[in-house]
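Novice: Before we start, here is the structure in question, set down as structure tokens.
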Amino acid sequence: MTEKLIKRLTVSDIFSKKNASKIVALSCYSSQISKIVDNYADIILVGDSLGMTLYGHKNTLSVTKEMLIEHGKAVVNSTKKALIVVDLPFGSYEKSKEQAFETSSEIISQTGACAIKLEGGVEFSSTIKFLVERGIPIMGHIGLMPQRVKINGKFTAHGKSSSQKRKIIQDAKSISSAGVFSMVVEAVKENLGKLVTNSIPVPTIGIGAGRYCDGQILVSDDMLGLFDDFTPKFVKKYAFLYKEIDKAVKNYQQEVLNEKFPSKKNIYD
Ligand code: KIV
């Protein structure tokens with residue numbers, strides 16, 4: 001029997017989805033989850049949100065390049081179809097275009113990922129242009145930028161005032177002209193998400209940015225309900241896995257305490 005050849009999506013496949021079909025994207029970081037997600041998603045982002053979801057940090061600022069490289073390798077090696085994008089961590093690209101190129105090229109060459117995501121608007125357009133001209137495909141990220149949490153004080157919706165709205169549209173246009181192949185738009189009102197989407201030729205991928213974006217992204221741990229504590233209010237949970245895990249571990253505990261052998265079959269039989 002001939003095996004069906006599965007081709008990994010490219011940045012131009014994603015770009016050409018604008019006004020053609022919606023883009024399905026999820027952040028995930030492990031081999032097990034990304035294997036399943038690969039059957040359905042166009043893009044898998046190995047996002048620095050892993051600092052909070054997997055490692056229990058308060059924000060994304062302490063995530064390192066090494067952490068993203070290890071998780072990036074796991075995801076690339078476990079998937080065949082989705083375009084894999086890896087985040088640039090805080091502190092690894094802001095100093096200069098050269099620093100951004102060094103970090104991006106190391107992440108791409110070590111993981112085999114297809115593209116890099118970085119947070120920033122107008123102020124990062126020349127860095128984005130520099131990277132794209134040197135062969136690094138870039139996904140932008142505007143609106144709420146979690147790496148700016150120390151400036152904003154908290155994770156909060158963006159683009160509320162008319163000057164903030166203008167700035168977000170300016171950011172979108174500027175990084176679009178700099179050459180991003182798509183951009184995440186995070187935590188803005190639906191009408192602003194729509195305005196941004198209609199103002200640029202590049203696909204927008206919304207998270208808490210309303211239905212009119214060209215695609216949607218969620219963090220897989222959030223939408224799978226892997227935990228019971230805080231999740232952003234715009235996140236729809238498609239499962240409540242923490243309940244299943246809790247039930248399974250409780251059953252296991254009861255069996256061990258009641259001296260039931262916790263194995264389906266005794267291997268010594
Ligand atoms: O780090 C991440 O997972 C992200 C998405 C939430 C867009 O940036």
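In the structure tokens, each chain is lettered A, B, ... as it comes, each chain's residues begin at 1, and ligands are numbered from 1 in order of appearance.
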Taking a cut-off of 7 Å and counting only C-alpha atoms and all ligand atoms, can you build a table that, for each residue of chain A near ligand 1, reports the nearest atom pair and how far apart they are in Å (one decimal), sorted by chain then residue number, as a tab-separated table?
Specialist:
```
residue	atom	partner	partner_atom_place_in_ligand_line	distance
A:Ser27	CA	ligand 1	3 (O)	4.8
A:Leu45	CA	ligand 1	3 (O)	6.4
A:Val46	CA	ligand 1	3 (O)	6.6
A:Gly47	CA	ligand 1	1 (O)	3.3
A:Asp48	CA	ligand 1	1 (O)	4.1
A:Ser49	CA	ligand 1	1 (O)	3.8
A:Leu50	CA	ligand 1	1 (O)	6.7
A:Asp87	CA	ligand 1	1 (O)	6.8
A:Val184	CA	ligand 1	7 (C)	6.0
A:Ile207	CA	ligand 1	7 (C)	6.6
A:Ile217	CA	ligand 1	7 (C)	6.2
A:Leu218	CA	ligand 1	6 (C)	6.0
A:Val219	CA	ligand 1	3 (O)	5.6
```
Novice: Could you dump the residues just selected with N, CA, C and O atoms as a short mmCIF file (atom, residue, chain, number, x, y, z; two decimals), in the first residue's frame?
Specialist:
```cif
data_model
loop_
_atom_site.label_atom_id
_atom_site.label_comp_id
_atom_site.auth_asym_id
_atom_site.auth_seq_id
_atom_site.Cartn_x
_atom_site.Cartn_y
_atom_site.Cartn_z
N SER A 27 -1.74 27.02 20.53
CA SER A 27 -0.43 26.96 21.19
C SER A 27 -0.35 25.61 21.86
O SER A 27 -1.26 25.23 22.61
N LEU A 45 1.68 26.88 17.57
CA LEU A 45 2.63 27.84 18.14
C LEU A 45 3.23 27.26 19.41
O LEU A 45 2.50 26.86 20.33
N VAL A 46 4.55 27.18 19.43
CA VAL A 46 5.24 26.83 20.67
C VAL A 46 5.47 28.17 21.37
O VAL A 46 6.48 28.86 21.16
N GLY A 47 4.46 28.59 22.10
CA GLY A 47 4.42 29.95 22.64
C GLY A 47 5.09 30.03 24.00
O GLY A 47 5.19 29.04 24.73
N ASP A 48 5.50 31.27 24.35
CA ASP A 48 6.11 31.42 25.67
C ASP A 48 5.07 31.36 26.79
O ASP A 48 5.41 31.39 27.97
N SER A 49 3.78 31.20 26.41
CA SER A 49 2.74 30.93 27.42
C SER A 49 3.07 29.66 28.19
O SER A 49 2.55 29.42 29.27
N LEU A 50 3.97 28.82 27.65
CA LEU A 50 4.35 27.59 28.36
C LEU A 50 4.94 27.89 29.74
O LEU A 50 4.86 27.07 30.65
N ASP A 87 8.02 31.06 19.60
CA ASP A 87 8.12 32.44 20.12
C ASP A 87 9.57 32.85 20.39
O ASP A 87 10.38 32.01 20.80
N VAL A 184 -0.71 37.72 15.21
CA VAL A 184 -1.66 37.50 16.31
C VAL A 184 -2.16 38.87 16.76
O VAL A 184 -1.37 39.81 16.90
N ILE A 207 -6.99 36.29 19.28
CA ILE A 207 -7.20 35.61 20.56
C ILE A 207 -7.88 36.65 21.44
O ILE A 207 -7.28 37.69 21.77
N ILE A 217 -6.65 31.67 17.52
CA ILE A 217 -5.67 30.86 18.26
C ILE A 217 -6.09 30.82 19.73
O ILE A 217 -6.62 31.81 20.26
N LEU A 218 -5.92 29.65 20.35
CA LEU A 218 -6.11 29.51 21.80
C LEU A 218 -4.94 28.71 22.34
O LEU A 218 -4.26 28.01 21.56
N VAL A 219 -4.74 28.78 23.62
CA VAL A 219 -3.72 27.95 24.26
C VAL A 219 -4.38 26.59 24.54
O VAL A 219 -5.45 26.53 25.15
#
```
Novice: Got a sec to tell me which of segment 192-230 of chain A DSSP assigns to strand (DSSP E or B), as a PyMOL selection string?
Specialist: chain A and resi 204-207+215-219
Novice: Find the distance between atom CA of Asn198 of chain A and atom CA of Asp13 of chain A and write it in Å to one decimal.
Specialist: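 Value for the atom CA of Asn198 of chain A-atom CA of Asp13 of chain A distance: 19.5 Å.
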Novice: For the alpha helix (DSSP H) assignment from backbone DSSP, which residues of segment 82-163 of chain A qualify? Please present them as a PyMOL selection string.
Specialist: chain A and resi 97-111+125-133+149-152+162-163
Novice: So that I have them on file, write out the residues from the current selection with C-alpha atoms, as a compact mmCIF listing (two decimals), in the first residue's frame.
Specialist:
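Heads up, here's the output in out-v3.txt:
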```txt
# COMPACT_ATOMS: atom_id res chain seq x y z
CA LYS A 97 18.35 43.46 14.87
CA GLU A 98 21.51 41.37 15.05
CA GLN A 99 20.52 39.93 18.45
CA ALA A 100 17.07 39.12 17.02
CA PHE A 101 18.66 37.38 14.02
CA GLU A 102 21.03 35.35 16.22
CA THR A 103 18.23 34.10 18.49
CA SER A 104 15.81 33.43 15.62
CA SER A 105 18.32 31.56 13.47
CA GLU A 106 19.41 29.43 16.44
CA ILE A 107 15.80 28.53 17.28
CA ILE A 108 15.03 27.66 13.64
CA SER A 109 18.18 25.62 13.08
CA GLN A 110 17.93 23.74 16.41
CA THR A 111 14.22 22.95 16.26
CA SER A 125 9.14 46.94 12.10
CA SER A 126 12.77 47.47 11.10
CA THR A 127 13.80 44.34 13.06
CA ILE A 128 11.07 42.33 11.32
CA LYS A 129 12.18 43.61 7.89
CA PHE A 130 15.80 42.73 8.71
CA LEU A 131 14.84 39.17 9.72
CA VAL A 132 12.52 38.54 6.77
CA GLU A 133 15.15 39.82 4.29
CA VAL A 149 3.18 43.09 31.63
CA LYS A 150 5.55 45.20 33.77
CA ILE A 151 4.57 48.32 31.78
CA ASN A 152 0.85 47.64 31.71
CA SER A 162 -9.20 56.22 20.32
CA SER A 163 -5.46 56.89 20.58
```
Novice: Please report the interatomic distance between atom CA of Arg166 of chain A and atom CA of Pro232 of chain A in Å with one decimal.
Specialist: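 These two atoms are separated by 24.8 Å.
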Novice: Any idea what's packed within 8 Å of Thr204 of chain A, counting only C-alpha atoms, ignoring anything in its chain fewer than 3 positions away? Could you give it as a tab-separated table (two decimals) with N, CA and C atoms, in the first residue's frame?
Specialist:
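The new file out_20.tsv reads:
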```
chain	number	residue	atom	x	y	z
A	182	SER	N	1.75	36.67	8.89
A	182	SER	CA	0.48	36.67	9.63
A	182	SER	C	0.75	37.38	10.95
A	183	MET	N	-0.32	37.72	11.67
A	183	MET	CA	-0.08	38.34	12.98
A	183	MET	C	-1.16	37.95	13.98
A	184	VAL	N	-0.71	37.72	15.21
A	184	VAL	CA	-1.66	37.50	16.31
A	184	VAL	C	-2.16	38.87	16.76
A	185	VAL	N	-3.48	38.97	16.95
A	185	VAL	CA	-4.07	40.19	17.51
A	185	VAL	C	-4.74	39.76	18.81
A	196	VAL	N	-8.78	46.10	12.00
A	196	VAL	CA	-7.39	45.70	11.72
A	196	VAL	C	-7.37	44.69	10.57
A	197	THR	N	-8.24	43.69	10.66
A	197	THR	CA	-8.29	42.63	9.64
A	197	THR	C	-8.57	43.22	8.25
A	213	CYS	N	-11.57	38.11	12.74
A	213	CYS	CA	-10.15	37.88	12.36
A	213	CYS	C	-10.10	36.76	11.33
A	214	ASP	N	-8.98	36.66	10.63
A	214	ASP	CA	-8.85	35.64	9.57
A	214	ASP	C	-8.66	34.24	10.15
A	215	GLY	N	-8.32	34.16	11.42
A	215	GLY	CA	-8.16	32.87	12.08
A	215	GLY	C	-8.26	33.07	13.58
```
Novice: Show which residues sit within 12 Å of Asp246 of chain A, as a PyMOL selection string. Count only C-alpha atoms, and ignore same-chain residues fewer than 6 positions away.
Specialist: chain A and resi 226-228+240+252-253
Novice: With C-alpha atoms retained, could you export that selection as a short mmCIF file (atom, residue, chain, number, x, y, z; two decimals), in the first residue's frame?
Specialist:
```cif
data_model
loop_
_atom_site.label_atom_id
_atom_site.label_comp_id
_atom_site.auth_asym_id
_atom_site.auth_seq_id
_atom_site.Cartn_x
_atom_site.Cartn_y
_atom_site.Cartn_z
CA LEU A 226 -6.30 21.11 31.94
CA PHE A 227 -6.59 23.21 35.09
CA ASP A 228 -9.24 24.52 37.39
CA PHE A 240 -12.58 19.77 31.34
CA TYR A 252 -5.63 5.08 41.72
CA GLN A 253 -5.08 6.44 45.25
#
```
Novice: As an NGL selection string, please: the residues near Gly121 of chain A (cut-off 10 Å, only C-alpha atoms, same-chain neighbours under 4 positions excluded).
Specialist: :A and (125 or 128 or 140-143 or 145 or 167-176)
Novice: Might you pull out every residue within 7 Å of His158 of chain A, with only C-alpha atoms counted and same-chain residues fewer than 3 positions away left off, and present them as a PyMOL selection string?
Specialist: chain A and resi 143-144+187-188
Novice: Rounded to one decimal in Å, what is the spacing between atom CA of Asn19 of chain A and atom CA of Ala82 of chain A?
Specialist: 19.7 Å
Novice: From the set A:Ala20, A:Ile14, A:Ile205, A:Cys114, which residue has the shortest atom-to-atom contact distance to Val76 of chain A, counting only C-alpha atoms?
Specialist: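 Of the candidates, the smallest distance to Val76 of chain A is held by A:Cys114.
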Novice: Nearest residue to Glu70 of chain A out of A:Leu241, A:Gln254, A:Lys165, A:Ser31, using only C-alpha atoms?
Specialist: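 Using only C-alpha atoms, the shortest distance to Glu70 of chain A belongs to A:Ser31.
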Novice: Quick one: residues within 8 Å of Val24 of chain A, only C-alpha atoms, excluding same-chain residues fewer than 4 positions away - as a compact mmCIF listing (two decimals) with all heavy atoms, in the first residue's frame?
Specialist:
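Contents of selection-v4.txt, as written:
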```txt
# COMPACT_ATOMS: atom_id res chain seq x y z
N TYR A 40 -5.70 18.67 13.04
CA TYR A 40 -6.76 19.67 12.83
C TYR A 40 -6.28 21.11 12.63
O TYR A 40 -7.01 21.92 12.09
CB TYR A 40 -7.73 19.65 14.03
CG TYR A 40 -8.26 18.26 14.30
CD1 TYR A 40 -7.71 17.47 15.31
CD2 TYR A 40 -9.26 17.72 13.50
CE1 TYR A 40 -8.18 16.18 15.54
CE2 TYR A 40 -9.73 16.43 13.71
CZ TYR A 40 -9.18 15.66 14.74
OH TYR A 40 -9.63 14.39 14.94
N ALA A 41 -5.07 21.43 13.11
CA ALA A 41 -4.65 22.83 13.11
C ALA A 41 -3.76 23.14 11.91
O ALA A 41 -2.99 22.29 11.45
CB ALA A 41 -3.90 23.14 14.40
N ASP A 42 -3.88 24.38 11.41
CA ASP A 42 -2.96 24.84 10.36
C ASP A 42 -1.63 25.27 10.97
O ASP A 42 -0.58 25.11 10.37
CB ASP A 42 -3.58 26.05 9.63
CG ASP A 42 -4.93 25.72 9.02
OD1 ASP A 42 -4.99 24.76 8.24
OD2 ASP A 42 -5.92 26.41 9.34
N ILE A 43 -1.72 25.88 12.15
CA ILE A 43 -0.52 26.41 12.81
C ILE A 43 -0.45 25.89 14.24
O ILE A 43 -1.46 25.92 14.96
CB ILE A 43 -0.54 27.96 12.86
CG1 ILE A 43 -0.57 28.56 11.45
CG2 ILE A 43 0.65 28.50 13.65
CD1 ILE A 43 -0.72 30.08 11.43
N GLY A 215 -8.32 34.16 11.42
CA GLY A 215 -8.16 32.87 12.08
C GLY A 215 -8.26 33.07 13.58
O GLY A 215 -8.41 34.20 14.06
N GLN A 216 -8.19 31.98 14.31
CA GLN A 216 -8.27 32.06 15.78
C GLN A 216 -7.16 31.21 16.37
O GLN A 216 -6.78 30.19 15.81
CB GLN A 216 -9.62 31.52 16.28
CG GLN A 216 -10.84 32.27 15.78
CD GLN A 216 -10.96 33.68 16.34
OE1 GLN A 216 -10.48 33.98 17.45
NE2 GLN A 216 -11.58 34.59 15.59
N ILE A 217 -6.65 31.67 17.52
CA ILE A 217 -5.67 30.86 18.26
C ILE A 217 -6.09 30.82 19.73
O ILE A 217 -6.62 31.81 20.26
CB ILE A 217 -4.23 31.40 18.11
CG1 ILE A 217 -3.23 30.46 18.82
CG2 ILE A 217 -4.06 32.84 18.63
CD1 ILE A 217 -1.78 30.65 18.39
```
